[in-house]
>>> print(open('my_file.txt').read())   # compact mmCIF, C-alpha atoms and all ligand atoms
# COMPACT_ATOMS: atom_id res chain seq x y z
CA MET A 1 227.58 173.67 -25.13
CA ALA A 2 229.09 171.43 -22.51
CA VAL A 3 230.47 168.08 -21.47
CA VAL A 4 228.41 166.37 -18.77
CA ALA A 5 229.60 163.21 -17.03
CA ILE A 6 226.75 161.02 -15.75
CA VAL A 7 227.90 158.82 -12.93
CA GLY A 8 226.34 156.27 -10.55
CA GLY A 9 226.43 157.58 -6.97
CA GLN A 10 225.73 154.26 -5.21
CA TRP A 11 226.28 150.55 -6.03
CA GLY A 12 225.01 150.76 -9.60
CA ASP A 13 221.52 150.45 -11.09
CA GLU A 14 220.65 154.01 -10.13
CA GLY A 15 218.86 154.71 -13.42
CA LYS A 16 221.75 156.18 -15.40
CA GLY A 17 220.33 154.85 -18.69
CA LYS A 18 217.01 156.57 -18.10
CA VAL A 19 218.69 159.90 -17.34
CA ILE A 20 220.94 159.66 -20.42
CA ASP A 21 218.07 158.64 -22.70
CA LEU A 22 216.28 161.84 -21.62
CA LEU A 23 219.28 164.19 -21.83
CA ALA A 24 220.33 162.68 -25.18
CA GLU A 25 217.35 164.35 -26.82
CA LYS A 26 219.39 167.58 -26.66
CA ALA A 27 222.89 166.10 -27.04
CA ARG A 28 225.05 165.43 -30.11
CA MET A 29 227.33 162.78 -28.59
CA VAL A 30 227.13 160.11 -25.87
CA ALA A 31 230.31 158.24 -24.94
CA ARG A 32 230.49 155.23 -22.59
CA PHE A 33 233.75 155.37 -20.66
CA SER A 34 234.11 152.29 -18.45
CA GLY A 35 232.82 148.84 -17.54
CA GLY A 36 231.55 146.27 -19.99
CA ASP A 37 228.44 144.17 -20.41
CA ASN A 38 228.22 143.81 -16.63
CA ALA A 39 226.21 147.05 -16.92
CA GLY A 40 222.50 146.82 -17.55
CA HIS A 41 220.89 150.12 -18.45
CA THR A 42 217.13 149.86 -18.69
CA VAL A 43 215.55 152.38 -21.03
CA ILE A 44 211.82 152.68 -21.70
CA ASN A 45 210.90 155.02 -24.56
CA PRO A 46 208.66 155.13 -27.64
CA TYR A 47 210.76 152.35 -29.27
CA GLY A 48 209.98 149.93 -26.43
CA GLU A 49 211.79 148.62 -23.37
CA PHE A 50 215.51 147.90 -23.70
CA LYS A 51 218.24 146.58 -21.44
CA LEU A 52 221.44 148.05 -22.84
CA HIS A 53 224.73 146.53 -21.73
CA LEU A 54 227.30 148.11 -24.06
CA VAL A 55 225.57 150.40 -26.52
CA PRO A 56 225.33 153.95 -25.11
CA SER A 57 221.84 154.96 -24.00
CA GLY A 58 221.88 157.81 -26.56
CA ILE A 59 221.34 155.34 -29.42
CA PHE A 60 217.63 156.22 -29.65
CA SER A 61 218.39 159.80 -30.65
CA PRO A 62 219.49 159.70 -34.32
CA GLN A 63 221.46 162.98 -34.15
CA VAL A 64 223.69 161.56 -31.40
CA THR A 65 227.06 159.99 -32.23
CA CYS A 66 227.32 157.08 -29.78
CA ILE A 67 230.80 156.08 -28.79
CA ILE A 68 231.97 152.99 -26.95
CA GLY A 69 235.13 154.50 -25.50
CA ASN A 70 238.61 153.12 -24.95
CA GLY A 71 237.84 152.56 -21.26
CA VAL A 72 235.19 149.92 -21.99
CA VAL A 73 235.80 146.18 -22.38
CA ILE A 74 233.74 144.68 -25.18
CA ASN A 75 232.31 141.22 -25.51
CA PRO A 76 231.76 141.17 -29.30
CA ALA A 77 229.06 138.48 -29.10
CA SER A 78 226.95 140.46 -26.69
CA LEU A 79 227.54 143.73 -28.55
CA LEU A 80 226.42 142.19 -31.85
CA LYS A 81 223.36 140.71 -30.18
CA GLU A 82 222.50 144.12 -28.80
CA ILE A 83 222.97 145.80 -32.18
CA ASP A 84 220.76 143.16 -33.86
CA ASP A 85 218.11 143.55 -31.19
CA LEU A 86 218.04 147.34 -31.58
CA GLN A 87 217.85 147.07 -35.38
CA ASN A 88 215.00 144.56 -35.11
CA HIS A 89 213.10 147.17 -33.09
CA GLY A 90 213.62 149.79 -35.80
CA VAL A 91 216.43 151.64 -34.03
CA ASP A 92 219.13 153.00 -36.36
CA THR A 93 222.58 151.94 -35.14
CA SER A 94 224.64 153.50 -37.94
CA HIS A 95 225.69 156.33 -35.59
CA LEU A 96 227.54 153.92 -33.28
CA VAL A 97 231.34 154.06 -33.14
CA ILE A 98 233.68 151.71 -31.25
CA SER A 99 237.11 152.75 -30.02
CA ASP A 100 239.91 150.71 -31.59
CA ARG A 101 241.62 150.93 -28.19
CA ALA A 102 238.78 149.22 -26.27
CA HIS A 103 239.84 145.81 -25.00
CA LEU A 104 237.98 142.65 -25.93
CA ILE A 105 236.45 140.09 -23.64
CA MET A 106 237.65 136.71 -24.83
CA PRO A 107 236.11 133.28 -24.08
CA TYR A 108 238.84 132.57 -21.48
CA HIS A 109 237.86 135.72 -19.57
CA THR A 110 234.28 134.60 -19.01
CA LEU A 111 235.44 131.06 -18.22
CA LEU A 112 238.04 132.29 -15.70
CA ASP A 113 235.57 134.73 -14.08
CA GLY A 114 233.36 131.74 -13.19
CA LEU A 115 236.28 129.53 -12.09
CA GLU A 116 237.73 132.30 -9.91
CA GLU A 117 234.36 132.87 -8.26
CA GLU A 118 234.05 129.15 -7.48
CA ARG A 119 237.58 129.07 -6.08
CA ARG A 120 236.65 131.87 -3.65
CA LYS A 121 233.81 129.74 -2.23
CA GLN A 122 232.11 131.62 0.66
CA LYS A 123 234.23 134.65 -0.16
CA ALA A 124 232.82 134.88 -3.72
CA LEU A 125 232.38 138.46 -4.89
CA GLY A 126 229.13 137.78 -6.69
CA THR A 127 230.44 139.06 -10.03
CA THR A 128 228.22 139.11 -13.10
CA ARG A 129 230.50 136.37 -14.55
CA ARG A 130 230.88 138.36 -17.76
CA GLY A 131 234.68 138.16 -17.68
CA ILE A 132 235.07 141.78 -16.63
CA GLY A 133 237.74 141.29 -13.93
CA PRO A 134 239.90 138.95 -16.04
CA ALA A 135 239.66 141.25 -19.09
CA PHE A 136 240.70 144.39 -17.18
CA SER A 137 243.45 142.34 -15.47
CA ASP A 138 244.82 141.39 -18.88
CA LYS A 139 244.65 145.01 -20.02
CA VAL A 140 246.99 146.15 -17.26
CA ALA A 141 249.06 142.95 -17.47
CA ARG A 142 249.65 143.89 -21.15
CA LEU A 143 248.13 140.65 -22.38
CA GLY A 144 244.94 142.13 -23.75
CA ILE A 145 243.54 142.09 -27.26
CA ARG A 146 241.93 145.28 -28.53
CA ALA A 147 239.05 146.00 -30.90
CA GLY A 148 241.52 147.46 -33.41
CA ASP A 149 243.40 144.15 -33.52
CA LEU A 150 240.36 142.58 -35.18
CA LEU A 151 241.04 144.71 -38.25
CA ASN A 152 244.27 142.85 -39.02
CA LYS A 153 243.95 139.06 -38.92
CA ASP A 154 247.72 138.42 -38.68
CA ILE A 155 248.14 140.75 -35.72
CA PHE A 156 245.05 139.31 -34.09
CA LEU A 157 246.30 135.73 -34.53
CA SER A 158 249.69 136.57 -33.10
CA HIS A 159 248.18 138.30 -29.99
CA LEU A 160 245.69 135.48 -29.53
CA LYS A 161 248.42 132.83 -29.73
CA SER A 162 250.50 134.47 -26.98
CA ALA A 163 247.53 135.07 -24.70
CA LEU A 164 245.97 131.64 -25.19
CA GLU A 165 249.20 129.77 -24.53
CA PHE A 166 249.31 131.37 -21.09
CA LYS A 167 245.56 131.07 -20.42
CA ASN A 168 245.48 127.41 -21.41
CA ALA A 169 248.33 126.70 -19.00
CA ILE A 170 246.25 128.24 -16.20
CA LEU A 171 243.07 126.47 -17.27
CA THR A 172 244.71 123.04 -17.43
CA LYS A 173 247.31 123.26 -14.66
CA VAL A 174 245.60 125.41 -12.04
CA TYR A 175 241.93 124.67 -12.66
CA GLN A 176 242.29 121.25 -14.30
CA VAL A 177 239.77 122.00 -17.01
CA SER A 178 240.08 121.47 -20.78
CA PRO A 179 242.09 123.96 -22.82
CA LEU A 180 240.37 126.24 -25.33
CA SER A 181 240.91 125.82 -29.06
CA LEU A 182 242.94 128.48 -30.84
CA GLU A 183 241.27 127.71 -34.19
CA GLU A 184 237.75 127.98 -32.82
CA ILE A 185 238.35 131.32 -31.10
CA TYR A 186 240.22 132.64 -34.13
CA GLU A 187 237.40 131.73 -36.54
CA GLN A 188 234.72 133.08 -34.23
CA TYR A 189 236.49 136.40 -33.57
CA CYS A 190 237.40 136.89 -37.25
CA HIS A 191 233.68 136.64 -37.96
CA TYR A 192 232.91 139.17 -35.19
CA GLY A 193 235.66 141.39 -36.57
CA GLU A 194 234.13 141.41 -40.05
CA ARG A 195 230.78 142.48 -38.62
CA LEU A 196 232.20 145.09 -36.25
CA ALA A 197 234.81 146.55 -38.64
CA PRO A 198 232.53 149.33 -39.95
CA PHE A 199 232.10 150.63 -36.39
CA ILE A 200 235.75 150.51 -35.23
CA ARG A 201 237.62 153.85 -35.32
CA GLU A 202 240.11 155.98 -33.43
CA THR A 203 237.56 157.74 -31.24
CA SER A 204 239.44 160.28 -29.12
CA SER A 205 239.94 162.47 -32.21
CA ILE A 206 236.23 162.17 -33.04
CA ILE A 207 235.39 163.40 -29.54
CA HIS A 208 238.02 166.11 -29.84
CA GLU A 209 236.33 167.42 -33.01
CA ALA A 210 233.01 167.45 -31.18
CA LEU A 211 234.64 169.49 -28.39
CA ILE A 212 235.87 172.03 -30.93
CA LYS A 213 232.35 172.26 -32.38
CA GLU A 214 231.09 172.78 -28.80
CA TRP A 215 228.56 169.98 -29.04
CA LEU A 216 226.70 168.83 -25.95
CA ILE A 217 228.57 165.64 -25.05
CA LEU A 218 227.40 163.17 -22.40
CA LEU A 219 229.90 160.82 -20.80
CA GLU A 220 227.95 157.72 -19.80
CA GLY A 221 229.15 156.00 -16.67
CA ALA A 222 228.52 152.39 -15.78
CA GLN A 223 228.29 150.76 -12.33
CA GLY A 224 228.46 153.09 -9.32
CA THR A 225 230.98 154.91 -7.14
CA LEU A 226 230.82 152.34 -4.32
CA LEU A 227 232.00 149.68 -6.82
CA ASP A 228 235.12 151.66 -7.73
CA PRO A 229 238.32 149.60 -7.29
CA ASP A 230 239.93 152.44 -5.27
CA PHE A 231 237.06 154.08 -3.43
CA GLY A 232 234.46 151.30 -3.33
CA THR A 233 233.99 148.49 -0.84
CA TYR A 234 237.17 146.65 -1.85
CA PRO A 235 237.43 143.76 -2.69
CA TYR A 236 233.67 143.74 -3.38
CA VAL A 237 234.04 146.05 -6.34
CA THR A 238 234.19 145.94 -10.11
CA SER A 239 237.40 146.20 -12.13
CA SER A 240 237.23 149.62 -13.81
CA SER A 241 236.56 153.04 -12.38
CA PRO A 242 232.98 154.31 -12.52
CA LEU A 243 234.02 157.75 -11.21
CA ALA A 244 233.69 161.05 -13.06
CA GLY A 245 237.49 161.27 -13.32
CA ALA A 246 237.49 158.08 -15.38
CA GLY A 247 235.21 159.87 -17.85
CA ALA A 248 238.24 161.74 -19.15
CA ILE A 249 240.62 158.78 -19.32
CA GLY A 250 238.00 156.37 -20.67
CA THR A 251 237.26 158.60 -23.67
CA GLY A 252 240.55 160.41 -24.22
CA ILE A 253 239.67 163.99 -23.28
CA SER A 254 241.14 166.41 -20.77
CA PRO A 255 239.65 166.38 -17.26
CA MET A 256 239.33 170.15 -17.75
CA ALA A 257 236.88 169.53 -20.59
CA ILE A 258 234.25 168.15 -18.19
CA ASP A 259 231.88 170.97 -17.25
CA ARG A 260 229.26 169.25 -15.13
CA VAL A 261 229.16 166.02 -13.13
CA LEU A 262 225.70 164.59 -12.64
CA GLY A 263 225.47 161.99 -9.88
CA VAL A 264 222.58 159.57 -10.21
CA PHE A 265 221.11 158.26 -6.95
CA LYS A 266 218.06 156.21 -6.16
CA ALA A 267 215.78 157.62 -3.46
CA TYR A 268 216.74 154.45 -1.51
CA ILE A 269 219.75 152.19 -2.17
CA THR A 270 220.35 148.80 -3.74
CA ARG A 271 223.25 146.44 -4.16
CA VAL A 272 223.61 143.23 -6.15
CA GLY A 273 226.40 140.79 -5.38
CA GLY A 274 228.45 140.39 -2.19
CA GLY A 275 229.93 142.96 0.19
CA PRO A 276 228.87 145.17 3.09
CA MET A 277 225.75 147.31 2.93
CA PRO A 278 224.96 149.01 6.26
CA THR A 279 221.38 150.06 5.48
CA GLU A 280 220.27 146.74 3.94
CA LEU A 281 216.71 145.86 4.95
CA LYS A 282 216.19 142.13 5.31
CA ASP A 283 212.61 142.67 6.52
CA GLU A 284 209.22 143.36 4.94
CA VAL A 285 210.19 146.94 4.07
CA GLY A 286 213.14 145.70 2.00
CA LYS A 287 210.86 143.18 0.30
CA LEU A 288 208.27 145.86 -0.38
CA ILE A 289 210.86 148.11 -2.07
CA ARG A 290 212.16 145.16 -4.14
CA GLU A 291 208.72 144.12 -5.38
CA LYS A 292 207.39 147.63 -5.93
CA ALA A 293 210.47 148.76 -7.84
CA HIS A 294 211.09 145.35 -9.42
CA GLU A 295 214.65 145.34 -8.12
CA TYR A 296 216.04 142.38 -10.02
CA GLY A 297 219.33 142.63 -11.94
CA ALA A 298 219.01 143.70 -15.60
CA THR A 299 222.12 141.65 -16.44
CA THR A 300 221.85 138.58 -14.21
CA GLY A 301 218.24 138.61 -12.95
CA ARG A 302 219.48 138.32 -9.34
CA PRO A 303 217.26 139.92 -6.66
CA ARG A 304 218.85 143.20 -5.54
CA ARG A 305 219.46 143.90 -1.87
CA CYS A 306 217.42 146.98 -0.90
CA GLY A 307 217.80 149.48 1.92
CA TRP A 308 217.26 153.05 3.15
CA PHE A 309 219.27 155.89 1.59
CA ASP A 310 222.80 155.88 2.99
CA ALA A 311 223.88 159.52 3.20
CA VAL A 312 227.30 158.66 4.68
CA ALA A 313 228.10 156.71 1.52
CA GLY A 314 226.35 159.40 -0.55
CA ARG A 315 228.46 162.20 0.93
CA PHE A 316 231.62 160.22 0.21
CA SER A 317 230.46 159.63 -3.34
CA SER A 318 229.79 163.35 -3.74
CA GLN A 319 233.27 164.08 -2.42
CA VAL A 320 235.19 161.76 -4.77
CA ASN A 321 233.21 162.77 -7.85
CA GLY A 322 232.58 166.46 -7.20
CA PHE A 323 228.95 166.35 -8.29
CA SER A 324 227.58 169.59 -9.67
CA ASP A 325 224.07 168.14 -9.79
CA ILE A 326 222.12 165.12 -8.64
CA ALA A 327 219.42 163.12 -10.42
CA LEU A 328 217.22 161.38 -7.86
CA THR A 329 215.38 158.39 -9.32
CA HIS A 330 212.54 156.12 -8.13
CA LEU A 331 211.10 158.67 -5.70
CA ASP A 332 207.63 157.23 -6.44
CA ILE A 333 208.60 153.95 -4.74
CA TYR A 334 208.13 155.77 -1.43
CA ASP A 335 204.54 156.80 -2.29
CA GLY A 336 202.36 155.51 0.57
CA PHE A 337 205.23 154.94 3.04
CA PRO A 338 204.21 156.24 6.52
CA SER A 339 207.77 157.39 7.17
CA ILE A 340 211.17 157.27 5.47
CA LYS A 341 214.59 156.81 7.03
CA ILE A 342 217.94 158.26 6.00
CA CYS A 343 221.22 156.96 7.42
CA THR A 344 223.22 160.01 8.53
CA ALA A 345 226.08 158.31 10.46
CA TYR A 346 227.27 154.85 11.49
CA GLU A 347 227.85 153.32 14.88
CA PHE A 348 230.96 151.17 15.13
CA ASN A 349 232.16 149.64 18.44
CA GLY A 350 230.23 152.22 20.44
CA ARG A 351 231.66 155.11 18.43
CA THR A 352 229.89 157.35 15.94
CA LEU A 353 231.49 157.37 12.49
CA ASN A 354 230.72 160.28 10.20
CA TYR A 355 232.81 158.99 7.33
CA PHE A 356 232.76 156.02 4.95
CA PRO A 357 235.42 153.57 6.17
CA SER A 358 237.90 152.27 3.61
CA ASP A 359 237.98 148.84 5.26
CA SER A 360 235.08 146.61 4.18
CA SER A 361 235.33 144.51 7.34
CA ILE A 362 234.70 147.67 9.39
CA LEU A 363 231.88 148.82 7.13
CA GLY A 364 230.34 145.35 7.51
CA LYS A 365 230.10 145.90 11.26
CA CYS A 366 228.74 149.45 11.08
CA GLN A 367 225.20 149.97 12.32
CA PRO A 368 223.25 152.74 10.64
CA ILE A 369 222.11 155.73 12.67
CA TYR A 370 218.84 156.92 11.18
CA GLU A 371 216.91 160.11 10.91
CA GLU A 372 213.19 159.58 10.25
CA LEU A 373 211.13 161.86 8.03
CA PRO A 374 207.37 161.81 7.39
CA GLY A 375 206.19 160.05 4.23
CA TRP A 376 203.39 161.04 1.84
CA GLN A 377 200.25 159.14 1.02
CA GLU A 378 199.43 160.23 -2.54
CA SER A 379 200.71 158.88 -5.85
CA THR A 380 203.37 161.02 -7.52
CA ALA A 381 203.37 159.16 -10.88
CA GLU A 382 201.34 161.77 -12.79
CA ILE A 383 202.99 164.87 -11.32
CA ARG A 384 204.99 166.89 -13.86
CA ASP A 385 205.96 170.00 -11.83
CA PHE A 386 208.36 169.97 -8.94
CA GLY A 387 206.15 172.41 -7.02
CA LYS A 388 203.24 169.95 -7.15
CA LEU A 389 205.13 167.14 -5.41
CA PRO A 390 203.80 166.48 -1.88
CA PRO A 391 205.50 168.80 0.65
CA GLN A 392 206.90 165.76 2.50
CA ALA A 393 208.58 164.57 -0.73
CA ARG A 394 210.13 168.01 -1.24
CA ARG A 395 211.26 168.02 2.37
CA TYR A 396 212.88 164.61 1.89
CA MET A 397 214.73 165.89 -1.17
CA ALA A 398 215.81 169.08 0.61
CA ARG A 399 217.27 167.00 3.43
CA LEU A 400 219.22 164.86 0.94
CA GLU A 401 220.55 168.02 -0.73
CA GLU A 402 221.73 169.25 2.64
CA LEU A 403 223.41 165.95 3.51
CA LEU A 404 225.12 165.60 0.11
CA SER A 405 225.91 169.31 -0.24
CA CYS A 406 224.59 169.23 -3.77
CA ARG A 407 221.38 170.27 -5.48
CA ILE A 408 218.92 167.82 -6.99
CA SER A 409 218.28 168.94 -10.55
CA LEU A 410 216.29 165.98 -11.87
CA VAL A 411 213.82 163.72 -10.10
CA SER A 412 212.06 160.69 -11.52
CA ILE A 413 208.68 159.41 -10.42
CA GLY A 414 208.42 156.49 -12.85
CA PRO A 415 210.30 154.70 -15.64
CA ARG A 416 209.02 156.69 -18.64
CA ARG A 417 210.74 159.73 -20.18
CA GLU A 418 207.92 162.06 -19.20
CA GLN A 419 208.20 160.91 -15.59
CA MET A 420 211.48 162.75 -15.13
CA ILE A 421 210.92 166.20 -13.63
CA GLN A 422 213.54 168.81 -14.36
CA VAL A 423 213.87 170.88 -11.18
CA ARG A 424 216.49 173.16 -12.69
CA SER A 425 218.66 173.18 -15.77
CA ILE A 426 221.89 171.22 -15.36
CA LEU A 427 223.72 173.11 -18.09
P1 LIG B 1 225.10 149.24 -13.94
O1 LIG B 1 225.89 149.95 -15.02
C1 LIG B 1 225.06 146.93 -10.25
C2 LIG B 1 228.56 144.40 -9.43
C3 LIG B 1 228.36 142.90 -9.45
C4 LIG B 1 229.37 142.50 -8.39
C5 LIG B 1 230.53 143.46 -8.63
C6 LIG B 1 231.66 142.86 -9.48
O2 LIG B 1 223.87 148.56 -14.43
O3 LIG B 1 224.86 150.14 -12.78
P2 LIG B 1 231.82 142.39 -12.10
O4 LIG B 1 231.00 141.49 -12.97
O5 LIG B 1 231.78 143.83 -12.49
O6 LIG B 1 233.22 141.89 -11.89
O7 LIG B 1 231.12 142.27 -10.63
O8 LIG B 1 229.97 144.58 -9.31
N1 LIG B 1 228.12 145.11 -10.66
C7 LIG B 1 227.01 145.86 -10.74
N2 LIG B 1 226.03 146.10 -9.86
N3 LIG B 1 225.02 147.54 -11.45
C8 LIG B 1 226.01 147.35 -12.35
O9 LIG B 1 226.09 148.04 -13.50
C9 LIG B 1 227.04 146.44 -12.04
N4 LIG B 1 228.14 145.99 -12.68
C10 LIG B 1 228.80 145.20 -11.83
O10 LIG B 1 227.06 142.55 -9.08
O11 LIG B 1 228.87 142.75 -7.11
MG MG B 2 222.10 147.83 -14.03
>>> encode(input="my_file.txt", output="structure tokens")
Amino acid sequence: MAVVAIVGGQWGDEGKGKVIDLLAEKARMVARFSGGDNAGHTVINPYGEFKLHLVPSGIFSPQVTCIIGNGVVINPASLLKEIDDLQNHGVDTSHLVISDRAHLIMPYHTLLDGLEEERRKQKALGTTRRGIGPAFSDKVARLGIRAGDLLNKDIFLSHLKSALEFKNAILTKVYQVSPLSLEEIYEQYCHYGERLAPFIRETSSIIHEALIKEWLILLEGAQGTLLDPDFGTYPYVTSSSPLAGAGAIGTGISPMAIDRVLGVFKAYITRVGGGPMPTELKDEVGKLIREKAHEYGATTGRPRRCGWFDAVAGRFSSQVNGFSDIALTHLDIYDGFPSIKICTAYEFNGRTLNYFPSDSSILGKCQPIYEELPGWQESTAEIRDFGKLPPQARRYMARLEELLSCRISLVSIGPRREQMIQVRSIL
């Protein structure tokens, strides 16, 4: 079988959860490799409608070992809530495994995320305030606490003491807010630790065994390429890498073990939070997309900014990930549009740019140059064969394939499993 990395091609919310839920029917393992509960993966299947933040979207397939990899940061409270919610809906969670190397989000991380955002004032990044940035900062600053530490109360207490001493100094001296209580956090996290202990394991060897058995393994990405700390619209980015390359590091496998890289793109584009977005539509068309597709954040409920497909950004995303295939989601949102635009280049200071600038202040001043294609007037929601899609829809997809130099292998025309058309096999 194969290892397939599933990665967001835009600014997140592309429908990665939906794609993984479908592909997981044939897989034996799904491993999340980055991000934290800033992710919100909406899955609609026979069990109901779920917004998953940490649990891999393969959880609904009982034969799938679901791994929360070392590259993820875990808020134990939100993970336990998610596990309880799934169990209450009759979903078996006994096949979930958590890497002992995954870092934990602590109460000071969420508190500091909010305080840092307020300090930035007009320059706020619009984070999800889940403590993601502060937790990944602590990981690289070697101040982090890991899931495995919860298994030994003495070690946990000693790590917590050192970290909290420093964090409380920042809270009281820099932000002038009350310090956090060591005892309260210790008690609370010991309780979380007892509940999570059965799930915590060394996971890279579990994945390694699956590789030897040649299982179909899906690496589940979170966020999207344009939020990558290196290649995204810095500083308006998240704090871990959503790229395919991070799929290896975030799970502990060789980059050579990844056989296919599936980039998930919406037929249009959205962004939530601050930062430049050249094709943003602040008019009625943008509003129409938002209402039709219900583009409100799964994690924070914020309205998402909507715009035409940006193929300059898409090409760049294809380049840094090396997509072997693309899944195009939400194509049905364009049903009834008289025409559809694609941004194929930018105009900046009277010059045409054919590349995605690394400087966000330049990107913020780029004007999109559009190509306009005819729309289609019929509903696509009930179509199950690629060949039966309106010719204009197929033409739109063919143009995207040309611009991204990659084939579209999956296309979705609605939120349900059966509304995902397989154009060609991705394996
Ligand atoms: P999924 O996995 C869309 C955005 C936030 C903010 C920036 C930094 O559902 O695609 P953070 O809390 O990560 O420090 O916020 O990143 N962001 C997302 N946007 N989808 C996501 O995840 C996101 N996760 C973070 O809105 O702009
Ligand atoms: Mg989301």
>>> closest_atom_pairs(input="my_file.txt", of="chain A", to="ligand MG 2 (chain B)", cutoff="8 Å", atoms="only C-alpha atoms and all ligand atoms", output="JSON lines")
{"residue": "A:Gly12", "atom": "CA", "partner": "B:MG2", "partner_atom": "MG", "distance": 6.1}
{"residue": "A:Asp13", "atom": "CA", "partner": "B:MG2", "partner_atom": "MG", "distance": 4.0}
{"residue": "A:Glu14", "atom": "CA", "partner": "B:MG2", "partner_atom": "MG", "distance": 7.5}
{"residue": "A:Gly15", "atom": "CA", "partner": "B:MG2", "partner_atom": "MG", "distance": 7.6}
{"residue": "A:Asn38", "atom": "CA", "partner": "B:MG2", "partner_atom": "MG", "distance": 7.8}
{"residue": "A:Ala39", "atom": "CA", "partner": "B:MG2", "partner_atom": "MG", "distance": 5.1}
{"residue": "A:Gly40", "atom": "CA", "partner": "B:MG2", "partner_atom": "MG", "distance": 3.7}
{"residue": "A:His41", "atom": "CA", "partner": "B:MG2", "partner_atom": "MG", "distance": 5.1}
{"residue": "A:Thr42", "atom": "CA", "partner": "B:MG2", "partner_atom": "MG", "distance": 7.1}
{"residue": "A:Gln223", "atom": "CA", "partner": "B:MG2", "partner_atom": "MG", "distance": 7.1}
{"residue": "A:Gly297", "atom": "CA", "partner": "B:MG2", "partner_atom": "MG", "distance": 6.3}
{"residue": "A:Ala298", "atom": "CA", "partner": "B:MG2", "partner_atom": "MG", "distance": 5.4}
{"residue": "A:Thr299", "atom": "CA", "partner": "B:MG2", "partner_atom": "MG", "distance": 6.6}
>>> residues_near_ligand(input="my_file.txt", ligand="ligand LIG 1 (chain B)", cutoff="7 Å", atoms="only C-alpha atoms and all ligand atoms", output="count of residues only")
31
>>> axis_aligned_box(input="my_file.txt", around="range 178-181 of chain A", padding_each_side="4 Å", output="lines of an AutoDock Vina configuration file")
center_x = 241.1
center_y = 123.9
center_z = -24.9
size_x = 10.0
size_y = 12.8
size_z = 16.3
>>> atom_distance(input="my_file.txt", atom1="CA of Leu79 in chain A", atom2="CA of Leu196 in chain A")
9.1 Å
>>> residues_around(input="my_file.txt", residues="Phe309 in chain A", least_positions_apart="4", cutoff="7 Å", atoms="all atoms listed in the file", output="list in words")
Ala267, Tyr268, Ile269, Ile342 and Cys343 of chain A
>>> atom_distance(input="my_file.txt", atom1="CA of Val4 in chain A", atom2="CA of Ile67 in chain A")
14.6 Å
>>> residues_around(input="my_file.txt", residues="His191 in chain A", least_positions_apart="4", cutoff="12 Å", atoms="only C-alpha atoms", output="list of chain:residue names")
A:Pro76, A:Ala77, A:Leu80, A:Leu150, A:Leu151, A:Lys153, A:Glu184, A:Ile185, A:Tyr186, A:Glu187, A:Arg195, A:Leu196, A:Ala197
>>> closest_residue(input="my_file.txt", among="A:Lys123, A:Arg395, A:Arg424, A:His109", to="Leu171 in chain A", atoms="all atoms listed in the file")
A:His109
>>> closest_residue(input="my_file.txt", among="A:Ala327, A:Ile253, A:Ile340, A:Leu403", to="Thr203 in chain A", atoms="only C-alpha atoms")
A:Ile253
>>> closest_residue(input="my_file.txt", among="A:Leu143, A:Leu218, A:Leu115, A:Ile68", to="Ala244 in chain A", atoms="only C-alpha atoms")
A:Leu218
>>> atom_distance(input="my_file.txt", atom1="CA of Trp376 in chain A", atom2="CA of Pro338 in chain A")
6.8 Å
>>> residues_around(input="my_file.txt", residues="Ala147 in chain A", least_positions_apart="5", cutoff="7 Å", atoms="all atoms listed in the file", output="list in words")
Asp100, Arg101, Ala102, His103 and Leu104 of chain A
>>> decode(input="my_file.txt", residues="range 156-174 of chain A", atoms="C-alpha atoms", output="CSV table (one decimal), in the first residue's frame")
chain,number,residue,atom,x,y,z
A,156,PHE,CA,5.7,16.5,35.5
A,157,LEU,CA,5.8,18.5,38.7
A,158,SER,CA,9.4,19.4,38.3
A,159,HIS,CA,8.9,20.5,34.6
A,160,LEU,CA,5.8,22.5,35.6
A,161,LYS,CA,7.6,24.2,38.4
A,162,SER,CA,10.4,25.5,36.2
A,163,ALA,CA,8.1,26.6,33.4
A,164,LEU,CA,5.6,28.3,35.7
A,165,GLU,CA,8.2,30.2,37.6
A,166,PHE,CA,9.2,31.9,34.3
A,167,LYS,CA,5.7,32.3,33.0
A,168,ASN,CA,4.4,33.8,36.2
A,169,ALA,CA,7.2,36.4,36.1
A,170,ILE,CA,6.1,37.3,32.6
A,171,LEU,CA,2.4,37.4,33.6
A,172,THR,CA,3.0,39.6,36.6
A,173,LYS,CA,5.9,41.8,35.5
A,174,VAL,CA,5.2,42.3,31.8
